[in-house]
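See below for the structure under consideration.
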Amino acid sequence: IDHAENGKICVEMFEKSAVGYYSAILMDIRMPVMSGLEASVAIRGLKRGDAASIPIIAMTADAFSEDRQKCLNAGMNAHIAKPIDVQEVERTLEKYINAAK
């Protein structure tokens, strides 16, 4: 598990990693420098083998249906509202990591 302090660092970490190094990205939406939405769009736009397929899962207090749709429009696979239910995170990770293989 790696931690990025903001969306820009997240994109840089993913971009510098070996293809397939990360199994999934848990993305907060409200971050300084670059939001989770902007970071997701940037990751999906990278020219590397896993940029289109890595599961990106929003974890955010923004829980309205339009917030979910914004996440999906930015290229995220799923949306989990805070407060976080650990079992929901586990189920969601399992679903999308297995689908990406």
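Residue numbers start at 1 in each chain; chains themselves are named A, B, ... in the order of the structure tokens; ligands are numbered from 1 in the order shown.
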
Per residue of region 5-36 of chain A within 7 Å of region 59-70 of chain A, which atom pair is closest and at what distance in Å (one decimal), using only C-alpha atoms, listed by chain and increasing number, as a tab-separated table?
```
residue	atom	partner	partner_atom	distance
A:Leu26	CA	A:Met59	CA	6.5
A:Met27	CA	A:Met59	CA	5.8
A:Asp28	CA	A:Met59	CA	5.1
A:Ile29	CA	A:Thr60	CA	5.9
```

Give me, as a PDB file with C-alpha atoms, in the first residue's frame, all polymer residues having an atom no more than 12 Å from Val89 (chain A), counting only C-alpha atoms and skipping those fewer than 6 positions away in the same chain.
```pdb
ATOM      1  CA  ALA A  24      -6.159  -0.759  -7.602  1.00  0.00           C
ATOM      2  CA  ILE A  25      -6.331   2.897  -6.636  1.00  0.00           C
ATOM      3  CA  LEU A  26      -8.504   4.125  -3.766  1.00  0.00           C
ATOM      4  CA  ILE A  56     -10.052   3.360  -9.508  1.00  0.00           C
ATOM      5  CA  ILE A  57     -12.495   3.490  -6.610  1.00  0.00           C
ATOM      6  CA  ALA A  58     -13.733   6.772  -5.173  1.00  0.00           C
ATOM      7  CA  MET A  59     -13.852   7.007  -1.399  1.00  0.00           C
ATOM      8  CA  ALA A  78     -16.918   2.585  -8.379  1.00  0.00           C
ATOM      9  CA  HIS A  79     -17.905   4.991  -5.614  1.00  0.00           C
ATOM     10  CA  ILE A  80     -17.890   4.263  -1.883  1.00  0.00           C
ATOM     11  CA  ALA A  81     -19.384   6.879   0.408  1.00  0.00           C
ATOM     12  CA  LYS A  82     -17.919   7.797   3.773  1.00  0.00           C
ATOM     13  CA  PRO A  83     -18.129   6.698   6.484  1.00  0.00           C
ATOM     14  CA  LYS A  95     -14.860  -7.439  -7.742  1.00  0.00           C
ATOM     15  CA  TYR A  96     -12.781  -4.961  -9.733  1.00  0.00           C
ATOM     16  CA  ILE A  97      -9.352  -6.511  -9.213  1.00  0.00           C
TER      17      ILE A  97
END
```

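Near Gly75 (chain A), within a cut-off of 9 Å and counting only C-alpha atoms, sit the residues Leu37, Ser40, Val41, Ile43, Arg44, Ala52, Ile56, Lys70, Cys71 and Leu72 of chain A, with same-chain residues fewer than 3 positions away left out.
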
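Ranking A:Ala100, A:Phe14, A:Thr92, A:Asp2 by their shortest atom-to-atom distance to Lys47 (chain A), with only C-alpha atoms included, puts A:Phe14 first.
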
> When you draw a straight line from CA of Ser17 (chain A) to CA of Gln87 (chain A), how long is it in Å?
Replying inline: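 Pair CA of Ser17 (chain A) / CA of Gln87 (chain A) returns 28.0 Å.
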
> Please, which residues of region 2-101 of chain A, numbered as in this document, come out strand (DSSP E or B) from DSSP, as a list in words?
Replying inline: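 Of region 2-101 of chain A, only Ile25, Leu26, Met27, Ile56, Ile57, Ala58, Met59, Thr60, Ala78, His79, Ile80 and Ala81 of chain A fall in strand (DSSP E or B).
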
Give me a file of those residues, with C-alpha atoms, as a PDB file, in the first residue's frame.
```
ATOM      1  CA  ILE A  25      -6.331   2.897  -6.636  1.00  0.00           C
ATOM      2  CA  LEU A  26      -8.504   4.125  -3.766  1.00  0.00           C
ATOM      3  CA  MET A  27      -9.092   7.762  -4.640  1.00  0.00           C
ATOM      4  CA  ILE A  56     -10.052   3.360  -9.508  1.00  0.00           C
ATOM      5  CA  ILE A  57     -12.495   3.490  -6.610  1.00  0.00           C
ATOM      6  CA  ALA A  58     -13.733   6.772  -5.173  1.00  0.00           C
ATOM      7  CA  MET A  59     -13.852   7.007  -1.399  1.00  0.00           C
ATOM      8  CA  THR A  60     -15.581  10.237  -0.531  1.00  0.00           C
ATOM      9  CA  ALA A  78     -16.918   2.585  -8.379  1.00  0.00           C
ATOM     10  CA  HIS A  79     -17.905   4.991  -5.614  1.00  0.00           C
ATOM     11  CA  ILE A  80     -17.890   4.263  -1.883  1.00  0.00           C
ATOM     12  CA  ALA A  81     -19.384   6.879   0.408  1.00  0.00           C
TER      13      ALA A  81
END
```

>> Between A:Gly7, A:Gly20, A:Gly49, A:Pro55, which residue has the minimum interatomic distance to Ser35 (chain A), considering only C-alpha atoms?
In response: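 Selected residue with least distance to Ser35 (chain A): A:Gly7.
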
>> As an exercise, work out the distance from CA of Ile54 (chain A) to CA of Glu88 (chain A) in Å and give it to one decimal place.
In response: 18.5 Å

>> Can you tell me, as a PyMOL selection string, which residues in region 5-101 of chain A count as helix (DSSP H, G or I) by DSSP?
In response: chain A and resi 7-16+36-44+65-73+86-100

> Just how far from CA of Ala74 (chain A) is CA of Asp50 (chain A), in Å to one decimal?
Replying inline: 16.3 Å

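Minimum atom-to-atom distances from A:Met31, A:Lys101, A:Glu94, A:Ile84 to Asn6 (chain A) were compared using only C-alpha atoms, and the lowest value belongs to A:Met31.
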
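Distances from A:Ala39, A:Asn77, A:Arg30, A:Ser23 to Ile9 (chain A) were compared using only C-alpha atoms, and the smallest one belongs to A:Ala39.
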